[in-house]
4 protein chains.
Amino acid sequence: MEDGVWSSLSPLDGRYRAANPALWEKFSAYLSEEAYLRYQLEVEVALVEGLAAAGVCPPEAAAEVRAAAREVTPAEVAAEEERTRHNIRALVNCLQRRVSEEARPWVHFTATSADIMDTANALRLRAATREAVQPALLRLELALIRLAEREALTVQIGRTHGQHAVPVTFGYACAVYVDRLGQRIQAVETAARNLRGKLAGAVGAYNAASLFLPDARRFEEEVLGRLGLEPAGAATQIVEPEFVADYLHALVSTFSVLANLADDFRHLQRSEIAEIGEYFDPEQVGSSTMPHKRNPWNLEHVKSLYKEFMPRIVTVYLDQISEHQRDLTNSASSRFTVEVVAGLVLAAERLSGIIERLGLHREHLERNFAQARGSLVAEPLYLCLAAAGHPDAHEAVRRLTLEADRTGRPLLLLLEEHAELAPYAARFTPQQKAVLERPEEYVGLAGRRTFELCNAWRAALGLEGK
Amino acid sequence: MEDGVWSSLSPLDGRYRAANPALWEKFSAYLSEEAYLRYQLEVEVALVEGLAAAGVCPPEAAAEVRAAAREVTPAEVAAEEERTRHNIRALVNCLQRRVSEEARPWVHFTATSADIMDTANALRLRAATREAVQPALLRLELALIRLAEREALTVQIGRTHGQHAVPVTFGYACAVYVDRLGQRIQAVETAARNLRGKLAGAVGAYNAASLFLPDARRFEEEVLGRLGLEPAGAATQIVEPEFVADYLHALVSTFSVLANLADDFRHLQRSEIAEIGEYFDPEQVGSSTMPHKRNPWNLEHVKSLYKEFMPRIVTVYLDQISEHQRDLTNSASSRFTVEVVAGLVLAAERLSGIIERLGLHREHLERNFAQARGSLVAEPLYLCLAAAGHPDAHEAVRRLTLEADRTGRPLLLLLEEHAELAPYAARFTPQQKAVLERPEEYVGLAGRRTFELCNAWRAALGLEGK
Amino acid sequence: MEDGVWSSLSPLDGRYRAANPALWEKFSAYLSEEAYLRYQLEVEVALVEGLAAAGVCPPEAAAEVRAAAREVTPAEVAAEEERTRHNIRALVNCLQRRVSEEARPWVHFTATSADIMDTANALRLRAATREAVQPALLRLELALIRLAEREALTVQIGRTHGQHAVPVTFGYACAVYVDRLGQRIQAVETAARNLRGKLAGAVGAYNAASLFLPDARRFEEEVLGRLGLEPAGAATQIVEPEFVADYLHALVSTFSVLANLADDFRHLQRSEIAEIGEYFDPEQVGSSTMPHKRNPWNLEHVKSLYKEFMPRIVTVYLDQISEHQRDLTNSASSRFTVEVVAGLVLAAERLSGIIERLGLHREHLERNFAQARGSLVAEPLYLCLAAAGHPDAHEAVRRLTLEADRTGRPLLLLLEEHAELAPYAARFTPQQKAVLERPEEYVGLAGRRTFELCNAWRAALGLEGK
Amino acid sequence: MEDGVWSSLSPLDGRYRAANPALWEKFSAYLSEEAYLRYQLEVEVALVEGLAAAGVCPPEAAAEVRAAAREVTPAEVAAEEERTRHNIRALVNCLQRRVSEEARPWVHFTATSADIMDTANALRLRAATREAVQPALLRLELALIRLAEREALTVQIGRTHGQHAVPVTFGYACAVYVDRLGQRIQAVETAARNLRGKLAGAVGAYNAASLFLPDARRFEEEVLGRLGLEPAGAATQIVEPEFVADYLHALVSTFSVLANLADDFRHLQRSEIAEIGEYFDPEQVGSSTMPHKRNPWNLEHVKSLYKEFMPRIVTVYLDQISEHQRDLTNSASSRFTVEVVAGLVLAAERLSGIIERLGLHREHLERNFAQARGSLVAEPLYLCLAAAGHPDAHEAVRRLTLEADRTGRPLLLLLEEHAELAPYAARFTPQQKAVLERPEEYVGLAGRRTFELCNAWRAALGLEGK
C-alpha cells in the first residue's frame with residue numbers, strides 16, 4: 001500500500017491517507033470504489049429477493065444470487081468491465097457466472113443500471129453519514145459544549161469589525177457555534193434520511209417491470225424497503241437529483257460553520273491577541289527557519305479544506321441538470337461527491353482535536369479586556385442616559401468618547417464634569433451604576449444562554465451525561 | 001423613470017425592468033432599497049411598541065414613533081446617511097427628529113443596527129417569497145400539471161444519452177417536473193418560514209436590553225412575535241447565517257430544475273426533433289438576417305438566467321463566515337441576494353408563459369417514435385427471453401441488434417429465424433407479444449403515474465380544481 | 001431619477017448609485033443599455049461605411065446612416081423591440097426608418113445580430129477599461145507606491161500564520177502589492193486590447209458577405225479596423241468566447257489582490273494591533289448603539305464586493321460553451337459582465353480613498369515589534385550558529401526558545417550561558433552581532449527592494465514624477 | 001497496488017487509475033507526493049550548489065547534499081514528519097542525517113520552507129505541462145486539424161439555437177475548435193513559462209540571506225536560474241499567487257473548449273441527427289437493460305470532468321488571498337491543483353480517442369441538410385433583394401417564409417409569383433441565382449478558411465507534415 005500512497009495523485013489518497021490510516025479505513029469501507037460495489041451487490045440481491053417474494057422467480061434463484069454476491073471482487077468486475085465497457089453489465093456478468101442456468105435470468109431482472117447505482121449511492125452516503133460524518137460532527141459538538149460550559153462565565157471582550165465592542169463570555173462565543181453546528185447536524189441527518197433509491201427502469205416509467213408485475217410501483221417500494229429506503233416521487237432513468245443536492249448543501253453549509261470557527265480561533269491566536277492556544281507537541285517544529293514559531297496550522301488546514309470543497313457545490317447544481325430521460329454528463333462528476341464527505345470529516349476531526357485540548361491564556365483575555373475597559377461603557381452609558389430622559393444620548397456619548405480619546409481621561413469622569421449630563425446621571429439605578437463601574441458585568445445573558453443552549457443541544461442530540 | 005432605466009448599470013434595472021414593468025413594481029415593493037427601509041421602520045416600530053408593552057417606555061412614545069415611521073422617506077434617510085456614514089443611525093435620526101423629546105430616547109432603544117437590518121431582511125425575503133416567488137412557482141407548477149394531464153397518454157420515445165431508449169409519455173416526462181418542482185416549492189416554503197429575526201444587541205448576549213428588562217430573551221421573542229418571526233437560537237451581532245443559506249439553496253436548487261426543464265424543451269425544439277414549439281407571435285423576428293428562424297429564445301433566456309444566478313450561491317457560503325461577534329464583510333454581498341430572488345421569479349414567469357401556450361407537433365412525435373420502433377423492442381425482448389428461461393438473454397439480444405443494424409431487418413423477424421431462440425419465444429404471454437408487436441404500448445405506468453403525481457401535487461399545493 | 005434609485009432592484013443601481021453619482025455617470029456612459037446601443041450604432045455605421053468604401057453601396061447611403069445613428073434613442077428601440085421581439089432588428093428598423101429608400105437596404109447589410117452585438121461589446125469593454133477600470137487601478141497603484149515609498153524604512157514585525165515572524169518594513173509590505181497590482185494592471189490591459197469583433201455572418205463562414213464581396217475576411221478586417229479592433233481568428237455566429245473569458249479572469253484576479261490588501265489592512269486595524277487607521281470623519285457614526293466604535297467598514301466593503309463578484313467567473317466559463325454555431329444561453333448572463341467591471345472599479349476607488357489618507361500608529365508598530373523582539377532573533381541566531389559550524393543549529397535554537405518561553409529570559413543571554421554554544425557565538429561577525437542585538441536591523445533588502453519596485457512600476461505604468 | 005486502487009477514496013486514484021495505468025504512471029512521475037518531494041530535493045540541491053558557487057559554503061558540502069538527495073525516500077520523510085509535524089523540516093533532517101557534520105549546516109541554509117515548496121511547485125507544474133498537458137492537447141489539436149482538413153468541404157447545415165440556419169462545412173465547424181484550442185495551447189504555454197520560484201526567505205525580504213550574501217536578490221536569480229526559473233517580482237513568505245492563478249485559468253478555460261466540443265459532438269449523435277458516430281467496440285455494452293443502445297458516453301465523460309474541475313477555479317481565487325506575510329490557509333487547497341491538471345489531460349486524451357476514429361454518417365448529413373433546404377435560402381434571398389434595391393427585404397422574406405410554412409411550397413416559387421418581388425429578382429446575378437437554387441453552395445469561405453486555419457496552426461504549433 002505504501003508505494004501506492006506516495007504515487008497517488010489526489011492528496012486525499014496520498015498525503016492525507018498516510019497521515020490518517022484509521023480514518024481512511026473508514027472511508028474505504030463506505031466511500032471507495034470497492035464499497036460502492038458492495039452496495040451495488042446489496043441492491044442486486046434485494047431485487048432478486050423481491051422478485052422471489054413476488055413469485056416472479058424461484059426462491060432458490062435469490063439464494064444463489066445472495067451467495068454469489070459475497071464472492072464477487074472489484075478486480076474481477078474491473079476485468080469484465082474492461083471487456084464490456086459497462087460497469088453494471090460487468091457486475092451482472094460476474095454474478096451470473098456464479099449461478100445456475102436457472103437463476104441466471106433473474107439477476108438484474110427488469111432493472112436498469114441507474115436503478116442499482118443510484119440506490120447504492122443513497123445507501124453508501126447514508127452509511128457514511130451514520131458511521132463517519134455524524135460521529136465526527138458529534139465529537140466536535142460535544143467538545144464545543146464542554147468548552148462552552150467550562151468557560152460560560154469567562155469574560156471576553158466582544159469584537160465586531162475586529163474592533164473591541166462590548167463584553168461577551170468566551171463560553172457564549174462557543175455556545176453560538178454549539179447552536180449553529182447543532183442545527184447543521186440535524187440538517188445533515190434530515191437530508192441523509194431523505195436520500196432515495198429507485199427501481200423504475202430505463203426511463204422511470206416501470207416499463208420493464210410492468211410486463212411481469214401487477215404493480216411495479218408497489219414492487220419498487222417493497223424492494224427498497226428491504227434496504228431501508230423510500231423511492232423517489234418520480235424518476236427518469238435516474239433518481240431526482242434534488243435529494244443529493246440537499247444533502248450536499250447540508251454538508252457544505254456545515255463546512256462553512258467549521259471554517260468560521262477555525263477563522264475565529266485562528267485570529268484569537270494572533271500574537272497580539274493570544275487568548276487561546278493550540279496544544280503544541282514539544283517535538284513539533286513551527287517553521288523550518290524560525291525555530292520560535294507556534295503556528296495555528298491545524299486551524300489553517302480546516303479553512304483550507306473548506307476552500308477546496310465548498311466550491312464543489314457548483315458541480316452538484318450543474319449535475320441537477322440531465323437531459324430528457326437522462327444524459328450521462330454526471331458520470332465522472334457525481335463520483336467525486338465522496339470527496340466532499342471525506343473532506344468534511346477530516347476537517348471536523350481536526351477541529352475536535354484542537355478544541356478538546358484548547359488552552360486559554362487568561363492573562364491575555366484580561367489584558368485585552370482591560371484595553372477596552374475605558375471605552376466600552378459607551379453603550380450602557382448612552383442607554384442609561386437615554387432611559388434617564390436625555391433626548392440625544394447617542395450623540396452626547398459619541399462626543400464624550402472623542403473627548404476621552406483626545407484627553408485620555410475615563411468616560412465616567414468626564415460625565416460627571418459635564419454640567420448638562422450630570423442631572424441624568426443622578427437618575428441611574430444602582431445596578432446601572434454597577435455596570436458602568438465594572439464593565440465586566442455588562443455581559444447580559446451570556447452565561448445563562450450558554451447553559452441553556454448547551455443543555456438544549458445535549459438533549460436534542462443524545463449527549464446528556466457526556 | 002425611463003431615462004433611469006436606460007442609464008442603469010444592471011440589466012435587472014435596465015433592460016429587464018423596461019420589459020416587465022408590472023413585475024418590477026412587485027420587486028420594488030419587496031426587494032428595493034425603499035422596501036428594505038419600510039421593513040426596517042416596521043421593526044423599529046415593533047421594538048418601541050414592545051418596550052411600551054413591557055412598561056419600559058410610555059405608550060405615547062410608541063404611538064409617536066409609529067406615526068413618524070409613516071413619514072420617513074428613503075431620500076431623507078440617504079441625506080442623513082451622507083452625513084453620519086451609518087445607515088441605521090440615519091434612520092433613527094430621521095425618526096427621532098419627528099417625535100417629542102420624551103419619545104426620542106426610546107427610538108431604537110437597546111437595539112443594535114443588525115437587530116433591525118437582519119430582522120427586516122427576514123421580513124422582506126418572506127414577503128417576497130409569499131408575494132412573488134411562490135405565485136410564480138405555483139403558476140409554473142399548475143401549467144406543468146395541466147400539460148402533464150393533457151398529454152398523460154401521448155406516447156413519446158424516451159431519450160437517454162440523447163439516444164432513443166424505450167417509450168414514455170410526454171405527460172409523464174412533464175410529471176417528473178411536476179414532482180421535482182412541487183418538492184422545491186415546499187423546500188422554498190420551509191426555508192422562508194424558517195427565516196429568523198433577532199433583538200439580541202451588539203454581540204448577541206442581550207447586554208443592553210438586560211439593563212432594563214428582566215428577561216431580554218423573552219422580550220426578543222415577544223417583539224419578533226409581533227412581526228410573525230421567531231428569534232435565532234443564538235446570535236452574535238447578526239442572525240446565524242444558516243437560515244438565509246438554506247433559503248438561498250432552496251432558490252438555487254429550484255433554479256436548476258427550471259434550467260433542466262428549459263434545456264429539455266429547447267432540445268425538443270431542435271429542427272430534427274421538433275416535437276414541441278414555443279408560441280410565435282406573427283410580428284416576431286427570429287433573426288436579424290435569417291428571416292425564417294424560429295428560435296427557442298425564451299428557453300435559452302431561462303437557462304442563461306440560471307447560469308448567471310446559480311454561481312452566486314458561492315457568495316452565500318462565503319457570507320456564512322463572519323469573524324468573532326461579526327465582521328462586516330457581508331455588507332455589500334448580502335445586499336445582492338435580492339437579485340437571485342428576482343432572477344428566479346423572472347425565469348419562472350418566462351417558463352410559465354411558454355408552457356401555458358406550448359404546442360405539440362404530434363406528427364413529429366410519431367415520426368421520431370417510428371424511427372425507434374424497430375430497435376426499441378430490444379429491452380422487452382431481452383426480458384421476455386430471460387423470463388422464458390434463456391440463460392444469457394441480454395447478450396443474445398445485443399447480437400440480434402447488431403444483426404438488425406447490419407441487415408436492416410426487424411428484430412422480431414430475426415428472432416423467429418434463430419433456431420436457438422424460437423423455443424423461448426414460444427413461451428411469451430399474449431400481453432408480452434402485444435408489447436413486442438406494438439411497442440407504443442411499452443410505456444409501463446407512465447399514464448397512471450402521471451395522474452397520480454398530478455393529483456398528489458394539486459392536493460399538496462392547494463391547486464385542486466384549477 | 002431619485003425615485004428610480006430607491007425603487008431599483010440591484011444595489012448597484014440603488015444604494016451604490018445614490019452614493020456615487022459621478023462614478024455612475026461614467027458607468028452609464030460605457031456600461032448601460034444606452035451605452036451598449038451607442039456602440040451597436042457605431043458598428044452599424046462602420047459597416048455601411050465599409051460597404052461604401054468597397055463599392056458595394058453608394059457613399060450617400062453611408063452618410064445617411066451615420067446621420068440617422070445620431071438620432072436613434074433607446075426608448076425608441078425598446079418600443080420597436082416590444083413589437084419585433086428582436087433587439088437588433090429593432091435597431092435596424094429604427095435606422096431604416098430615418099433613411100431614404102435607396103439607403104435602406106444597406107443598413108446591416110450581410111451582417112447578423114451577433115456581428116453587431118459582439119463587436120459592440122468589445123468596444124464598450126475596451127472603452128470602460130480605458131476610461132474607468134484603468135484610471136481606478138492606476139489611482140490605487142499610485143497611492144500604494146506613495147505609501148510604500150513613504151514607509152519604505154518603517155520597521156514592522158512580519159506576520160506569518162498571524163504570528164510574529166521576522167521583521168519587514170511597512171513600505172515593503174505595500175511594495176508587494178505595488179508589484180502584484182502592477183502586474184494585474186498589465187494583465188487587464190493585455191486582455192482588453194485582445195478583445196475582438198466579428199463580421200462573419202450567421203454561422204461565421206462569411207456566407208452572406210461572400211455573395212457581394214470578393215474577400216469577405218479582408219472586408220471584416222477593414223471594417224473592424226475602422227473601429228480599432230481585430231477580428232477573431234475564427235467565429236461561429238459569435239466571437240470565440242475566450243477573449244472575454246481572459247478579460248474577466250484579469251478582472252477577477254485583480255479583485256483578489258484588492259481583497260487581500262483589504263484583509264491585511266483590516267486586520268492591522270484590529271484593536272489589539274492598531275498599526276494603521278482609516279481616516280474617520282468627525283461626523284461619522286461607528287455603531288448605532290456603541291458610540292465609541294471606529295470600524296474599518298470601507299475595507300470590509302471591498303472584501304464584500306469581492307465575495308459578490310468573484311464567483312461570477314463561473315458564469316463566464318459556462319458561457320464559453322455554446323452549441324454548434326451558437327445557442328443563445330448566454331443571452332442574459334453575458335449582460336451581467338458589466339456588473340463585474342463596475343464592482344472592481346467601485347472596490348478600487350474605495351480602497352484608494354483609504355490608502356491615500358492612511359494614517360500609521362507608529363507607537364503601536366513599535367509596541368508590537370517590541371513584543372516580538374525577544375524571540376525574533378531565533379532565526380538569525382540559528383543561521384549564524386549554523387554558519388559558524390554548529391551541526392544542529394535549528395534544534396539547538398528551538399530548545400533555547402522553549403527555555404526562553406519558560407524562564408522569560410532573553411535568548412542571547414541564554415546563549416552565552418550555554419557552554420556548548422558559546423564557542424560558536426564567538427565566531428559571529430560584528431554585523432551579525434549587530435543584528436542579533438538590534439533585531440530592527442534584521443530587515444534584509446526590504447527598503448532597497450521597496451524603492452526598486454516602486455521605481456520599476458512608476459516607469460512601467462507612466463507614473464513617473466507623480 | 002491493486003488493492004490500493006479499489007480502496008482509494010478519490011475516483012482519480014481508484015476507478016480512473018485502474019482504467020489508465022499508463023497515464024497514471026505519468027501523473028505519478030510529475031504530480032504525486034513522491035514527485036513533489038523529488039522537486040523539493042532538487043531545489044535544496046540547487047540552493048546549496050548556489051551557496052558553494054557564491055563561496056558561502058565549501059563545494060564538498062554541495063556534492064554531499066546532491067548525493068544525499070538521491071537517497072531520500074518519501075516514506076522516510078513521512079516518518080520524520082510524523083515526529084516533527086513539519087514537512088520541510090522533515091526533509092531537511094533526512095538530508096542532514098546523510099551528510100557530514102561539516103556539510104550539515106548548509107542544508108536549507110537561509111531558506112524558508114515556502115522557498116522550497118513554491119519553487120518545487122513551479123517546477124512540477126511546468127514539467128507536467130511539458131510532459132503531460134501539452135502532449136495531450138497537441139494530440140487533440142492534431143486530430144482536430146486532420147478531421148477539419150478531411151471534411152473541409154463537407155456541407156453541413158449550420159445550427160443556431162438548435163435550429164437550422166445557413167450552411168457551413170463540417171470541416172469549418174472543426175476548424176473553429178482548431179483555432180480555439182490552438183489559442184488555449186499557447187495560453188497554457190505562456191502561463192506555464194511564467195510560473196515563478198522564490199528564495200526570499202521567511203517574509204520575502206531576504207532577511208536571512210542578506211546576513212551572508214552581498215546581494216541576496218541576485219543570489220536568488222542565480223539559484224533559480226539553475227532550475228530554469230525566474231523569481232517573482234516580489235514575495236511575502238510565498239510567491240505571488242497570480243502566476244498560479246493565471247496558469248489555472250489557462251487550464252480551466254481550455255477545459256471549457258473541450259466541454260463545448262464534447263457537447264457539440266454529443267448532440268450531433270442524437271438519434272434524430274446522427275451525423276457522426278463514436279467508434280463502438282463490438283464487445284461493448286451500451287446499456288445494462290437496453291441491448292440496442294450506442295451511447296456517446298466518452299463525450300459525456302468529458303463534459304462531466306469539466307463540471308467537476310471547472311468550479312475549482314473558485315478555490316484558486318480564494319487562495320490568492322493570504323494574510324500579511326502569509327497565512328497557511330492554502331495548505332490543503334493548493335495541493336489539489338494537481339487534480340485539475342490531471343482532469344484536463346484525462347479529458348483531452350478521451351476526446352482525442354474519439355476524434356481520431358470519428359465516423360461521419362454522410363447520408364444523415366445530407367438528409368438533415370435537405371430538410372433545411374427549402375427555407376435556408378431565406379437569408380441570401382433577403383440580401384439579394386436588398387442589394388437589388390428592395391427597401392424592406394427582410395420583412396418581405398419573413399412574410400414569404402410564413403407563407404411557405406403555411407402552404408408547403410418552395411420559397412423561390414413563391415417569389416416568382418409575387419408581382420412586387422419579381423422585378424427585383426430579375427436583377428439577381430447568375431452567381432446569386434446559383435446559390436438560391438443550390439443552397440449547398442451558400443457556404444461562404446468555409447472551405448478556404450478551414451485550410452487557412454489548419455495551415456496556420458500546424459505552423460504555429462510545429463505540427464507541419466503530421
# chains A, B, ... in the order shown; residues from 1 in each chain; ligands from 1
>>> interface_residues(of="chain B", to="chain D", cutoff="9 Å", atoms="only C-alpha atoms", output="number ranges by chain")
B: 159-166, 266-267, 269-273, 282, 285, 288-297, 300, 314, 368, 371-372, 375-380, 382-383, 394-402
>>> select_by_dssp(residues="segment 152-236 of chain C", states="strand (DSSP E or B)", output="ChimeraX atom specification")
/C:155-160,163-169,197,231,235
>>> select_by_dssp(residues="segment 72-148 of chain C", states="helix (DSSP H, G or I)", output="PyMOL selection string")
chain C and resi 74-84+87-96+104-106+113-148
>>> closest_residue(among="C:Leu351, C:Phe309, C:Lys198, C:Asp392", to="Leu421 of chain C", atoms="only C-alpha atoms")
C:Asp392
>>> atom_distance(atom1="atom CA of Arg104 of chain D", atom2="atom CA of Pro391 of chain C")
5.7 Å
>>> atom_distance(atom1="atom CA of Glu323 of chain A", atom2="atom CA of Thr329 of chain C")
15.3 Å
>>> closest_residue(among="A:Thr254, A:Thr119, A:Asn20, A:Gln40", to="Arg184 of chain A", atoms="only C-alpha atoms")
A:Thr254
>>> residues_around(residues="Ser331 of chain B", least_positions_apart="6", cutoff="12 Å", atoms="only C-alpha atoms", output="list in words")
His161 of chain A; His86, Asn87, Ala114, Met117, Asp118, Ile238, Thr315, Asp319, Ser322 and Thr337 of chain B; Pro11, Arg15, Tyr16, Pro296, Trp297, Asn298, Leu299, Glu300, His301, Val302, Lys303, Ser304, Leu305, Tyr306, Lys307 and Glu308 of chain C
>>> atom_distance(atom1="atom CA of Leu23 of chain B", atom2="atom CA of Val176 of chain B")
28.3 Å
>>> residues_around(residues="segment 440-445 of chain B", least_positions_apart="4", cutoff="10 Å", atoms="only C-alpha atoms", output="PyMOL selection string")
(chain A and resi 200-201+203-211+215-217) or (chain B and resi 153-158+166-169+172+366+369-370+373+376-377+379-380+431-432+434-436+449-450)
>>> write_last_selection(atoms="N, CA, C and O atoms", output="short mmCIF file (atom, residue, chain, number, x, y, z; two decimals), in the first residue's frame")
data_model
loop_
_atom_site.label_atom_id
_atom_site.label_comp_id
_atom_site.auth_asym_id
_atom_site.auth_seq_id
_atom_site.Cartn_x
_atom_site.Cartn_y
_atom_site.Cartn_z
N ALA A 200 -37.19 1.96 -11.13
CA ALA A 200 -38.25 2.33 -12.05
C ALA A 200 -37.86 2.11 -13.50
O ALA A 200 -38.60 2.49 -14.40
N GLY A 201 -36.69 1.52 -13.70
CA GLY A 201 -36.33 1.13 -15.06
C GLY A 201 -35.72 2.22 -15.90
O GLY A 201 -35.43 3.32 -15.43
N VAL A 203 -36.44 4.40 -18.20
CA VAL A 203 -36.89 5.78 -18.37
C VAL A 203 -37.80 6.22 -17.23
O VAL A 203 -38.48 7.25 -17.31
N GLY A 204 -37.81 5.44 -16.15
CA GLY A 204 -38.54 5.85 -14.95
C GLY A 204 -40.01 5.47 -14.93
O GLY A 204 -40.71 5.73 -13.94
N ALA A 205 -40.48 4.86 -16.01
CA ALA A 205 -41.91 4.60 -16.11
C ALA A 205 -42.27 3.14 -15.84
O ALA A 205 -43.38 2.71 -16.12
N TYR A 206 -41.34 2.38 -15.26
CA TYR A 206 -41.61 0.99 -14.90
C TYR A 206 -41.98 0.16 -16.13
O TYR A 206 -42.76 -0.79 -16.01
N ASN A 207 -41.43 0.50 -17.27
CA ASN A 207 -41.80 -0.21 -18.49
C ASN A 207 -41.56 -1.71 -18.37
O ASN A 207 -42.45 -2.52 -18.64
N ALA A 208 -40.33 -2.05 -17.97
CA ALA A 208 -39.96 -3.46 -17.95
C ALA A 208 -40.70 -4.20 -16.85
O ALA A 208 -41.33 -5.24 -17.08
N ALA A 209 -40.63 -3.66 -15.66
CA ALA A 209 -41.23 -4.35 -14.51
C ALA A 209 -42.72 -4.58 -14.72
O ALA A 209 -43.27 -5.60 -14.28
N SER A 210 -43.38 -3.66 -15.40
CA SER A 210 -44.82 -3.80 -15.60
C SER A 210 -45.19 -4.98 -16.48
O SER A 210 -46.34 -5.41 -16.50
N LEU A 211 -44.22 -5.50 -17.22
CA LEU A 211 -44.50 -6.69 -18.03
C LEU A 211 -44.66 -7.94 -17.18
O LEU A 211 -45.22 -8.93 -17.62
N ASP A 215 -48.13 -4.47 -10.02
CA ASP A 215 -48.00 -3.07 -9.60
C ASP A 215 -46.51 -2.79 -9.36
O ASP A 215 -45.98 -3.00 -8.27
N ALA A 216 -45.88 -2.30 -10.39
CA ALA A 216 -44.42 -2.15 -10.35
C ALA A 216 -43.99 -1.08 -9.36
O ALA A 216 -42.90 -1.13 -8.81
N ARG A 217 -44.84 -0.09 -9.14
CA ARG A 217 -44.51 0.95 -8.15
C ARG A 217 -44.49 0.33 -6.75
O ARG A 217 -43.58 0.59 -5.97
N LEU B 153 -51.14 10.48 -21.87
CA LEU B 153 -51.12 9.25 -22.65
C LEU B 153 -50.46 9.41 -24.02
O LEU B 153 -50.47 8.51 -24.85
N THR B 154 -49.87 10.60 -24.24
CA THR B 154 -49.22 10.86 -25.53
C THR B 154 -47.85 10.18 -25.57
O THR B 154 -46.92 10.61 -24.90
N VAL B 155 -47.75 9.14 -26.36
CA VAL B 155 -46.51 8.37 -26.38
C VAL B 155 -45.37 9.18 -27.01
O VAL B 155 -45.56 9.86 -28.02
N GLN B 156 -44.23 9.11 -26.36
CA GLN B 156 -43.04 9.79 -26.85
C GLN B 156 -41.86 8.83 -26.69
O GLN B 156 -41.82 8.08 -25.71
N ILE B 157 -40.96 8.85 -27.62
CA ILE B 157 -39.79 8.00 -27.43
C ILE B 157 -38.95 8.57 -26.29
O ILE B 157 -38.66 9.77 -26.28
N GLY B 158 -38.62 7.75 -25.32
CA GLY B 158 -37.72 8.20 -24.26
C GLY B 158 -36.31 8.35 -24.78
O GLY B 158 -35.92 7.67 -25.75
N VAL B 166 -36.45 3.59 -24.49
CA VAL B 166 -37.77 2.97 -24.56
C VAL B 166 -38.82 4.06 -24.34
O VAL B 166 -38.50 5.16 -23.92
N PRO B 167 -40.10 3.78 -24.63
CA PRO B 167 -41.08 4.87 -24.63
C PRO B 167 -41.45 5.39 -23.25
O PRO B 167 -41.39 4.67 -22.26
N VAL B 168 -41.78 6.64 -23.22
CA VAL B 168 -42.53 7.24 -22.10
C VAL B 168 -43.76 7.89 -22.71
O VAL B 168 -44.05 7.71 -23.88
N THR B 169 -44.46 8.64 -21.89
CA THR B 169 -45.44 9.54 -22.48
C THR B 169 -44.96 10.96 -22.22
O THR B 169 -44.22 11.20 -21.26
N TYR B 172 -45.86 12.06 -18.85
CA TYR B 172 -45.04 11.56 -17.75
C TYR B 172 -43.75 12.35 -17.63
O TYR B 172 -43.31 12.69 -16.52
N GLU B 366 -44.69 11.23 -33.57
CA GLU B 366 -44.91 9.92 -34.19
C GLU B 366 -43.75 9.52 -35.10
O GLU B 366 -43.32 8.38 -35.10
N PHE B 369 -40.86 8.50 -32.97
CA PHE B 369 -41.13 7.20 -32.36
C PHE B 369 -40.96 6.09 -33.39
O PHE B 369 -40.37 5.04 -33.11
N ALA B 370 -41.47 6.36 -34.57
CA ALA B 370 -41.38 5.34 -35.63
C ALA B 370 -39.93 5.00 -35.94
O ALA B 370 -39.59 3.84 -36.20
N ARG B 373 -38.86 2.54 -33.45
CA ARG B 373 -39.73 1.38 -33.30
C ARG B 373 -39.00 0.06 -33.49
O ARG B 373 -39.14 -0.88 -32.71
N LEU B 376 -36.57 -0.64 -30.44
CA LEU B 376 -36.86 -0.46 -29.01
C LEU B 376 -37.48 -1.67 -28.37
O LEU B 376 -37.62 -1.72 -27.15
N VAL B 377 -37.83 -2.65 -29.15
CA VAL B 377 -38.30 -3.88 -28.51
C VAL B 377 -37.13 -4.67 -27.92
O VAL B 377 -37.34 -5.69 -27.27
N GLU B 379 -35.24 -4.16 -25.37
CA GLU B 379 -35.34 -4.36 -23.94
C GLU B 379 -36.42 -5.36 -23.54
O GLU B 379 -36.12 -6.35 -22.86
N PRO B 380 -37.68 -5.15 -23.97
CA PRO B 380 -38.69 -6.14 -23.56
C PRO B 380 -38.38 -7.54 -24.09
O PRO B 380 -38.64 -8.53 -23.42
N GLN B 431 -49.86 -10.91 -23.65
CA GLN B 431 -49.57 -9.50 -23.31
C GLN B 431 -48.15 -9.12 -23.72
O GLN B 431 -47.91 -8.04 -24.25
N GLN B 432 -47.23 -10.02 -23.48
CA GLN B 432 -45.84 -9.76 -23.86
C GLN B 432 -45.70 -9.66 -25.37
O GLN B 432 -45.03 -8.76 -25.89
N ALA B 434 -47.96 -8.74 -27.38
CA ALA B 434 -48.59 -7.47 -27.78
C ALA B 434 -47.59 -6.33 -27.71
O ALA B 434 -47.47 -5.52 -28.63
N VAL B 435 -46.87 -6.28 -26.60
CA VAL B 435 -45.90 -5.21 -26.45
C VAL B 435 -44.78 -5.32 -27.48
O VAL B 435 -44.32 -4.32 -28.03
N LEU B 436 -44.37 -6.53 -27.76
CA LEU B 436 -43.29 -6.70 -28.74
C LEU B 436 -43.74 -6.29 -30.12
O LEU B 436 -42.95 -5.81 -30.93
N ARG B 449 -49.01 6.90 -13.44
CA ARG B 449 -48.18 7.70 -12.54
C ARG B 449 -48.35 9.19 -12.80
O ARG B 449 -48.30 10.01 -11.88
N THR B 450 -48.55 9.56 -14.05
CA THR B 450 -48.77 10.97 -14.36
C THR B 450 -49.98 11.49 -13.59
O THR B 450 -49.91 12.53 -12.92
#
